[in-house]
file work.cif (mmCIF, C-alpha atoms and all ligand atoms)
data_final
#
loop_
_atom_site.group_PDB
_atom_site.id
_atom_site.type_symbol
_atom_site.label_atom_id
_atom_site.label_comp_id
_atom_site.auth_asym_id
_atom_site.auth_seq_id
_atom_site.Cartn_x
_atom_site.Cartn_y
_atom_site.Cartn_z
ATOM 1 C CA MET A 1 -108.013 -124.035 1.203
ATOM 2 C CA PRO A 2 -109.793 -121.216 -0.751
ATOM 3 C CA PRO A 3 -113.200 -122.018 -2.307
ATOM 4 C CA ARG A 4 -112.952 -123.486 -5.777
ATOM 5 C CA PRO A 5 -114.482 -121.464 -8.675
ATOM 6 C CA ALA A 6 -117.414 -122.961 -10.522
ATOM 7 C CA MET A 7 -116.809 -125.907 -12.877
ATOM 8 C CA SER A 8 -117.211 -125.344 -16.605
ATOM 9 C CA ASP A 9 -117.297 -127.824 -19.479
ATOM 10 C CA THR A 10 -114.229 -126.459 -21.164
ATOM 11 C CA ALA A 11 -111.924 -125.436 -18.345
ATOM 12 C CA ARG A 12 -111.824 -124.807 -14.628
ATOM 13 C CA ALA A 13 -110.222 -121.786 -13.004
ATOM 14 C CA LEU A 14 -107.762 -122.892 -10.339
ATOM 15 C CA ALA A 15 -107.292 -121.064 -7.051
ATOM 16 C CA VAL A 16 -103.679 -120.148 -6.225
ATOM 17 C CA GLU A 17 -102.548 -120.675 -2.641
ATOM 18 C CA PRO A 18 -99.400 -119.422 -0.887
ATOM 19 C CA LEU A 19 -96.869 -122.228 -0.412
ATOM 20 C CA SER A 20 -96.484 -123.440 3.165
ATOM 21 C CA ARG A 21 -95.004 -126.569 4.736
ATOM 22 C CA ALA A 22 -98.348 -127.549 6.209
ATOM 23 C CA ALA A 23 -100.359 -127.112 3.011
ATOM 24 C CA PHE A 24 -97.724 -128.905 0.913
ATOM 25 C CA ALA A 25 -97.204 -131.792 3.364
ATOM 26 C CA PRO A 26 -99.410 -134.274 1.414
ATOM 27 C CA PHE A 27 -97.152 -133.776 -1.624
ATOM 28 C CA GLY A 28 -93.665 -133.543 -0.157
ATOM 29 C CA ASP A 29 -91.447 -130.994 1.526
ATOM 30 C CA VAL A 30 -90.929 -127.245 1.408
ATOM 31 C CA ILE A 31 -87.250 -126.281 1.470
ATOM 32 C CA GLU A 32 -86.878 -122.972 3.281
ATOM 33 C CA ALA A 33 -84.890 -121.393 6.091
ATOM 34 C CA SER A 34 -87.610 -120.706 8.636
ATOM 35 C CA ASP A 35 -87.881 -120.828 12.401
ATOM 36 C CA ALA A 36 -90.447 -123.614 11.951
ATOM 37 C CA VAL A 37 -87.684 -126.099 11.031
ATOM 38 C CA ARG A 38 -84.772 -127.462 13.037
ATOM 39 C CA HIS A 39 -81.828 -125.079 12.817
ATOM 40 C CA PHE A 40 -78.619 -124.562 14.765
ATOM 41 C CA THR A 41 -75.518 -122.429 14.670
ATOM 42 C CA ILE A 42 -72.255 -123.842 13.252
ATOM 43 C CA ASN A 43 -68.841 -122.585 12.085
ATOM 44 C CA ALA A 44 -68.039 -120.780 15.341
ATOM 45 C CA GLY A 45 -71.221 -118.709 15.100
ATOM 46 C CA ASN A 46 -70.792 -117.591 11.500
ATOM 47 C CA THR A 47 -73.445 -119.853 9.981
ATOM 48 C CA GLU A 48 -76.954 -121.086 10.791
ATOM 49 C CA ARG A 49 -77.730 -124.614 9.520
ATOM 50 C CA TYR A 50 -81.336 -125.322 8.572
ATOM 51 C CA HIS A 51 -81.094 -129.041 8.895
ATOM 52 C CA ASP A 52 -82.527 -132.017 7.002
ATOM 53 C CA LEU A 53 -85.278 -130.144 5.166
ATOM 54 C CA ALA A 54 -86.409 -132.750 2.652
ATOM 55 C CA GLN A 55 -86.599 -136.489 2.168
ATOM 56 C CA VAL A 56 -84.444 -137.193 -0.899
ATOM 57 C CA GLU A 57 -85.376 -140.608 -2.313
ATOM 58 C CA PRO A 58 -83.109 -141.854 -5.146
ATOM 59 C CA GLY A 59 -85.149 -145.054 -5.446
ATOM 60 C CA PRO A 60 -84.010 -148.611 -6.226
ATOM 61 C CA GLU A 61 -80.489 -148.815 -7.734
ATOM 62 C CA GLY A 62 -80.621 -145.056 -8.195
ATOM 63 C CA ARG A 63 -78.385 -142.248 -7.122
ATOM 64 C CA ALA A 64 -79.256 -138.635 -6.302
ATOM 65 C CA ILE A 65 -77.967 -136.136 -8.851
ATOM 66 C CA LEU A 66 -77.813 -132.361 -8.989
ATOM 67 C CA SER A 67 -78.776 -130.483 -12.170
ATOM 68 C CA ILE A 68 -79.701 -126.929 -13.110
ATOM 69 C CA PHE A 69 -82.965 -126.296 -14.960
ATOM 70 C CA ARG A 70 -83.044 -122.947 -16.799
ATOM 71 C CA GLY A 71 -86.770 -122.320 -17.224
ATOM 72 C CA GLN A 72 -88.369 -119.928 -19.677
ATOM 73 C CA PRO A 73 -91.181 -117.888 -18.106
ATOM 74 C CA ARG A 74 -94.731 -119.143 -18.575
ATOM 75 C CA ALA A 75 -97.358 -116.670 -19.768
ATOM 76 C CA LEU A 76 -100.554 -116.214 -17.739
ATOM 77 C CA PRO A 77 -103.324 -117.266 -18.050
ATOM 78 C CA PHE A 78 -101.774 -120.739 -18.163
ATOM 79 C CA ALA A 79 -103.712 -123.905 -19.005
ATOM 80 C CA VAL A 80 -102.729 -127.037 -17.101
ATOM 81 C CA THR A 81 -103.379 -129.746 -19.689
ATOM 82 C CA MET A 82 -101.009 -132.435 -18.382
ATOM 83 C CA MET A 83 -99.336 -133.700 -15.241
ATOM 84 C CA GLU A 84 -96.423 -136.024 -14.633
ATOM 85 C CA ARG A 85 -95.014 -138.159 -11.845
ATOM 86 C CA HIS A 86 -91.763 -139.910 -10.992
ATOM 87 C CA PRO A 87 -92.814 -143.219 -9.444
ATOM 88 C CA LEU A 88 -89.344 -144.323 -8.366
ATOM 89 C CA ALA A 89 -87.871 -141.243 -6.747
ATOM 90 C CA SER A 90 -88.298 -137.746 -5.352
ATOM 91 C CA GLN A 91 -87.591 -134.552 -7.286
ATOM 92 C CA ALA A 92 -86.662 -131.233 -5.704
ATOM 93 C CA PHE A 93 -86.561 -127.733 -7.202
ATOM 94 C CA ILE A 94 -84.620 -125.009 -5.413
ATOM 95 C CA PRO A 95 -84.836 -121.543 -7.001
ATOM 96 C CA MET A 96 -81.487 -119.924 -7.779
ATOM 97 C CA SER A 97 -82.810 -116.705 -9.317
ATOM 98 C CA GLY A 98 -84.819 -115.512 -6.318
ATOM 99 C CA LYS A 99 -88.063 -115.255 -8.261
ATOM 100 C CA PRO A 100 -91.544 -116.603 -7.419
ATOM 101 C CA TYR A 101 -92.774 -119.605 -9.404
ATOM 102 C CA LEU A 102 -95.819 -121.843 -9.601
ATOM 103 C CA VAL A 103 -96.164 -125.376 -8.283
ATOM 104 C CA VAL A 104 -99.095 -127.534 -9.437
ATOM 105 C CA VAL A 105 -99.560 -130.862 -7.676
ATOM 106 C CA ALA A 106 -102.040 -133.679 -7.091
ATOM 107 C CA PRO A 107 -101.872 -136.629 -4.722
ATOM 108 C CA ALA A 108 -99.949 -139.769 -5.712
ATOM 109 C CA GLY A 109 -102.140 -142.542 -7.041
ATOM 110 C CA ALA A 110 -104.787 -142.443 -9.741
ATOM 111 C CA ALA A 111 -104.402 -140.038 -12.634
ATOM 112 C CA PRO A 112 -105.628 -136.623 -11.419
ATOM 113 C CA ALA A 113 -108.750 -134.883 -12.590
ATOM 114 C CA VAL A 114 -108.835 -131.100 -12.693
ATOM 115 C CA ALA A 115 -110.671 -131.125 -9.359
ATOM 116 C CA ASP A 116 -107.666 -132.841 -7.757
ATOM 117 C CA LEU A 117 -105.177 -130.117 -8.687
ATOM 118 C CA ARG A 118 -103.635 -127.784 -6.104
ATOM 119 C CA VAL A 119 -101.764 -124.683 -7.226
ATOM 120 C CA PHE A 120 -99.197 -122.984 -5.006
ATOM 121 C CA LEU A 121 -97.291 -119.752 -5.521
ATOM 122 C CA ALA A 122 -93.775 -120.317 -4.182
ATOM 123 C CA ARG A 123 -91.576 -117.439 -3.081
ATOM 124 C CA GLY A 124 -88.124 -117.089 -4.569
ATOM 125 C CA ASP A 125 -86.614 -118.391 -1.294
ATOM 126 C CA GLN A 126 -88.757 -121.534 -1.105
ATOM 127 C CA GLY A 127 -87.893 -124.830 -2.755
ATOM 128 C CA VAL A 128 -90.126 -127.880 -3.109
ATOM 129 C CA ASN A 129 -89.393 -131.596 -2.986
ATOM 130 C CA TYR A 130 -91.986 -133.832 -4.656
ATOM 131 C CA ALA A 131 -92.296 -137.204 -2.933
ATOM 132 C CA PRO A 132 -92.101 -140.234 -5.218
ATOM 133 C CA GLY A 133 -95.264 -140.673 -7.302
ATOM 134 C CA VAL A 134 -96.714 -137.245 -6.547
ATOM 135 C CA TRP A 135 -98.319 -135.777 -9.652
ATOM 136 C CA HIS A 136 -96.908 -132.380 -10.623
ATOM 137 C CA HIS A 137 -96.685 -130.073 -13.604
ATOM 138 C CA PRO A 138 -93.241 -129.550 -15.147
ATOM 139 C CA LEU A 139 -91.388 -126.425 -14.114
ATOM 140 C CA LEU A 140 -93.486 -123.257 -14.117
ATOM 141 C CA ALA A 141 -91.145 -120.266 -13.963
ATOM 142 C CA LEU A 142 -92.687 -116.788 -14.054
ATOM 143 C CA ASP A 143 -91.729 -113.290 -15.284
ATOM 144 C CA THR A 144 -88.203 -114.042 -16.530
ATOM 145 C CA VAL A 145 -85.764 -116.858 -17.311
ATOM 146 C CA CYS A 146 -85.049 -118.547 -13.951
ATOM 147 C CA ASP A 147 -82.530 -121.152 -12.844
ATOM 148 C CA PHE A 148 -83.428 -123.943 -10.412
ATOM 149 C CA LEU A 149 -81.158 -126.440 -8.718
ATOM 150 C CA VAL A 150 -82.840 -129.821 -9.200
ATOM 151 C CA VAL A 151 -82.169 -132.879 -7.046
ATOM 152 C CA ASP A 152 -83.570 -136.035 -8.611
ATOM 153 C CA ARG A 153 -82.593 -139.518 -9.762
ATOM 154 C CA ALA A 154 -80.254 -141.195 -12.173
ATOM 155 C CA GLY A 155 -80.608 -144.941 -12.543
ATOM 156 C CA PRO A 156 -82.331 -147.799 -14.302
ATOM 157 C CA GLY A 157 -86.056 -148.129 -14.774
ATOM 158 C CA HIS A 158 -88.958 -146.035 -15.924
ATOM 159 C CA ASN A 159 -89.331 -142.907 -13.814
ATOM 160 C CA CYS A 160 -91.665 -140.528 -15.643
ATOM 161 C CA ASP A 161 -95.371 -140.986 -16.353
ATOM 162 C CA GLU A 162 -97.421 -138.283 -18.067
ATOM 163 C CA VAL A 163 -101.209 -137.931 -18.174
ATOM 164 C CA ALA A 164 -103.599 -135.489 -19.795
ATOM 165 C CA VAL A 165 -105.820 -133.280 -17.667
ATOM 166 C CA ALA A 166 -109.188 -132.732 -19.299
ATOM 167 C CA PRO A 167 -110.898 -130.400 -18.954
ATOM 168 C CA PRO A 168 -107.817 -128.288 -18.328
ATOM 169 C CA GLY A 169 -107.206 -126.194 -15.274
ATOM 170 C CA LEU A 170 -106.677 -122.476 -15.799
ATOM 171 C CA ILE A 171 -104.256 -120.422 -13.755
ATOM 172 C CA LEU A 172 -105.592 -116.953 -14.454
ATOM 173 C CA SER A 173 -103.226 -114.771 -12.414
ATOM 174 C CA VAL A 174 -100.953 -114.824 -9.407
HETATM 175 N N1 LIG B 1 -88.381 -133.917 -17.352
HETATM 176 C C1 LIG B 1 -87.774 -133.338 -16.347
HETATM 177 O O1 LIG B 1 -86.650 -133.679 -15.988
HETATM 178 N N2 LIG B 1 -88.466 -132.311 -15.718
HETATM 179 C C2 LIG B 1 -89.704 -132.599 -15.064
HETATM 180 O O2 LIG B 1 -89.571 -133.787 -14.317
HETATM 181 C C3 LIG B 1 -90.143 -131.477 -14.183
HETATM 182 O O3 LIG B 1 -90.776 -131.752 -13.134
HETATM 183 O O4 LIG B 1 -89.877 -130.305 -14.572
HETATM 184 NI NI NI B 2 -90.841 -133.770 -12.672
#

call {"tool": "encode", "arguments": {"input": "work.cif", "output": "structure tokens", "more": "lines below"}}
Ligand SMILES: NC(=O)N[C@@H](O)C(=O)O
Ligand code: NI
result
Amino acid sequence: MPPRPAMSDTARALAVEPLSRAAFAPFGDVIEASDAVRHFTINAGNTERYHDLAQVEPGPEGRAILSIFRGQPRALPFAVTMMERHPLASQAFIPMSGKPYLVVVAPAGAAPAVADLRVFLARGDQGVNYAPGVWHHPLLALDTVCDFLVVDRAGPGHNCDEVAVAPPGLILSV
């Protein structure tokens, strides 16, 4: 992980890391067609299946649903002033517009401090699946309006907690 910039009273600059399966493993899954995952040829050789890439958890009495999120681009520098989590179920974002985007996460458990935040720059061919309870920032599209296929939960119960992050984290550039 890159060295963290110095702490300040008002805000803390956050280092941006490239998204990889290994680095993201504490937070969930990376959804990408790579030789690092199990894949095999199907359809009489026409198609390669990159198999079972993410653990979709609909949670108790829930069902997995598919939605499309059309995100407006975020301006940089961006201040991370809040985080959220879905305690009952996973949530996956798969880019449909082929553009890079930002992923901000912190480990499940206690409300994150700015020092707990990890920022990843995802390529336009990489999706992410947040494991249940993993703290994350809501969708952070960049540059232009971008669509994302979202796999998450419908069902009873409370499934979204939000917390403030103070001092905020600053994403200066990508
Ligand atoms: N609120 C909602 O459905 N979106 C967030 O969960 C998000 O992670 O973007
Ligand atoms: Ni969410």

call {"tool": "axis_aligned_box", "arguments": {"input": "work.cif", "around": "range 23-42 of chain A", "padding_each_side": "6 Å", "output": "JSON"}}
result
{"center_x": -86.3, "center_y": -127.5, "center_z": 6.6, "size_x": 40.1, "size_y": 25.6, "size_z": 28.4}

call {"tool": "atom_distance", "arguments": {"input": "work.cif", "atom1": "CA of Trp135 in chain A", "atom2": "CA of Pro167 in chain A"}}
result
16.5 Å

call {"tool": "atom_distance", "arguments": {"input": "work.cif", "atom1": "CA of His137 in chain A", "atom2": "CA of Val37 in chain A"}}
result
26.5 Å

call {"tool": "closest_atom_pairs", "arguments": {"input": "work.cif", "of": "range 117-165 of chain A", "to": "range 65-76 of chain A", "cutoff": "9 Å", "atoms": "only C-alpha atoms", "output": "Markdown table"}}
result
| residue | atom | partner | partner_atom | distance |
| --- | --- | --- | --- | --- |
| A:Leu139 | CA | A:Gly71 | CA | 6.9 |
| A:Leu140 | CA | A:Arg74 | CA | 6.2 |
| A:Ala141 | CA | A:Pro73 | CA | 4.8 |
| A:Leu142 | CA | A:Pro73 | CA | 4.5 |
| A:Asp143 | CA | A:Pro73 | CA | 5.4 |
| A:Thr144 | CA | A:Pro73 | CA | 5.1 |
| A:Val145 | CA | A:Gln72 | CA | 4.7 |
| A:Cys146 | CA | A:Gly71 | CA | 5.3 |
| A:Asp147 | CA | A:Arg70 | CA | 4.4 |
| A:Phe148 | CA | A:Phe69 | CA | 5.1 |
| A:Leu149 | CA | A:Ile68 | CA | 4.7 |
| A:Val150 | CA | A:Ser67 | CA | 5.1 |
| A:Val151 | CA | A:Leu66 | CA | 4.8 |
| A:Asp152 | CA | A:Ile65 | CA | 5.6 |
| A:Arg153 | CA | A:Ile65 | CA | 5.8 |
| A:Ala154 | CA | A:Ile65 | CA | 6.5 |

call {"tool": "resolve_selection", "arguments": {"input": "work.cif", "expression": "the PyMOL selection byres (((chain A and resi 11) around 12) and not hetatm)", "output": "compact mmCIF listing (two decimals) with C-alpha atoms, in the frame of the given file"}}
result
# COMPACT_ATOMS: atom_id res chain seq x y z
CA PRO A 5 -114.48 -121.46 -8.68
CA ALA A 6 -117.41 -122.96 -10.52
CA MET A 7 -116.81 -125.91 -12.88
CA SER A 8 -117.21 -125.34 -16.60
CA ASP A 9 -117.30 -127.82 -19.48
CA THR A 10 -114.23 -126.46 -21.16
CA ARG A 12 -111.82 -124.81 -14.63
CA ALA A 13 -110.22 -121.79 -13.00
CA LEU A 14 -107.76 -122.89 -10.34
CA PRO A 77 -103.32 -117.27 -18.05
CA PHE A 78 -101.77 -120.74 -18.16
CA ALA A 79 -103.71 -123.90 -19.00
CA VAL A 80 -102.73 -127.04 -17.10
CA THR A 81 -103.38 -129.75 -19.69
CA ALA A 113 -108.75 -134.88 -12.59
CA VAL A 114 -108.84 -131.10 -12.69
CA ALA A 115 -110.67 -131.12 -9.36
CA VAL A 165 -105.82 -133.28 -17.67
CA ALA A 166 -109.19 -132.73 -19.30
CA PRO A 167 -110.90 -130.40 -18.95
CA PRO A 168 -107.82 -128.29 -18.33
CA GLY A 169 -107.21 -126.19 -15.27
CA LEU A 170 -106.68 -122.48 -15.80
CA ILE A 171 -104.26 -120.42 -13.76
CA LEU A 172 -105.59 -116.95 -14.45

call {"tool": "closest_atom_pairs", "arguments": {"input": "work.cif", "of": "chain A", "to": "ligand NI 2 (chain B)", "cutoff": "9 Å", "atoms": "all atoms listed in the file", "output": "CSV"}}
result
residue,atom,partner,partner_atom,distance
A:Met83,CA,B:NI2,NI,8.9
A:Glu84,CA,B:NI2,NI,6.3
A:Arg85,CA,B:NI2,NI,6.1
A:His86,CA,B:NI2,NI,6.4
A:Ser90,CA,B:NI2,NI,8.7
A:Gln91,CA,B:NI2,NI,6.3
A:Ala92,CA,B:NI2,NI,8.5
A:Tyr130,CA,B:NI2,NI,8.1
A:Trp135,CA,B:NI2,NI,8.3
A:His136,CA,B:NI2,NI,6.6
A:His137,CA,B:NI2,NI,7.0
A:Pro138,CA,B:NI2,NI,5.4
A:Leu139,CA,B:NI2,NI,7.5
A:Asp152,CA,B:NI2,NI,8.6
A:Cys160,CA,B:NI2,NI,7.4

call {"tool": "resolve_selection", "arguments": {"input": "work.cif", "expression": "the PyMOL selection byres (((chain A and resi 107) around 8) and not hetatm)", "output": "list in words"}}
result
Pro26, Phe27, Val105, Ala106, Ala108, Gly109, Pro112, Asp116, Val134 and Trp135 of chain A

call {"tool": "residues_around", "arguments": {"input": "work.cif", "residues": "Ala23 in chain A", "least_positions_apart": "2", "cutoff": "12 Å", "atoms": "all atoms listed in the file", "output": "PyMOL selection string"}}
result
chain A and resi 1-2+17-21+25-30+105+118-122+128

call {"tool": "atom_distance", "arguments": {"input": "work.cif", "atom1": "CA of Ala33 in chain A", "atom2": "CA of Val16 in chain A"}}
result
22.5 Å

call {"tool": "residues_around", "arguments": {"input": "work.cif", "residues": "Ile31 in chain A", "least_positions_apart": "3", "cutoff": "8 Å", "atoms": "all atoms listed in the file", "output": "number ranges by chain"}}
result
A: 53-54, 94, 126-129

call {"tool": "closest_residue", "arguments": {"input": "work.cif", "among": "A:Ala22, A:Ala44, A:Met82, A:Leu117", "to": "ligand LIG 1 (chain B)", "atoms": "all atoms listed in the file"}}
result
A:Met82

call {"tool": "resolve_selection", "arguments": {"input": "work.cif", "expression": "the PyMOL selection byres (((chain A and resi 88) around 6) and not hetatm)", "output": "list in words"}}
result
Gly59, His86, Pro87, Ala89, Pro132 and Asn159 of chain A

call {"tool": "closest_residue", "arguments": {"input": "work.cif", "among": "A:Phe93, A:Phe24, A:Phe40, A:Tyr50", "to": "ligand LIG 1 (chain B)", "atoms": "all atoms listed in the file"}}
result
A:Phe93

call {"tool": "closest_residue", "arguments": {"input": "work.cif", "among": "A:Ser173, A:Glu57, A:Glu162, A:Asn43", "to": "ligand LIG 1 (chain B)", "atoms": "only C-alpha atoms and all ligand atoms"}}
result
A:Glu162
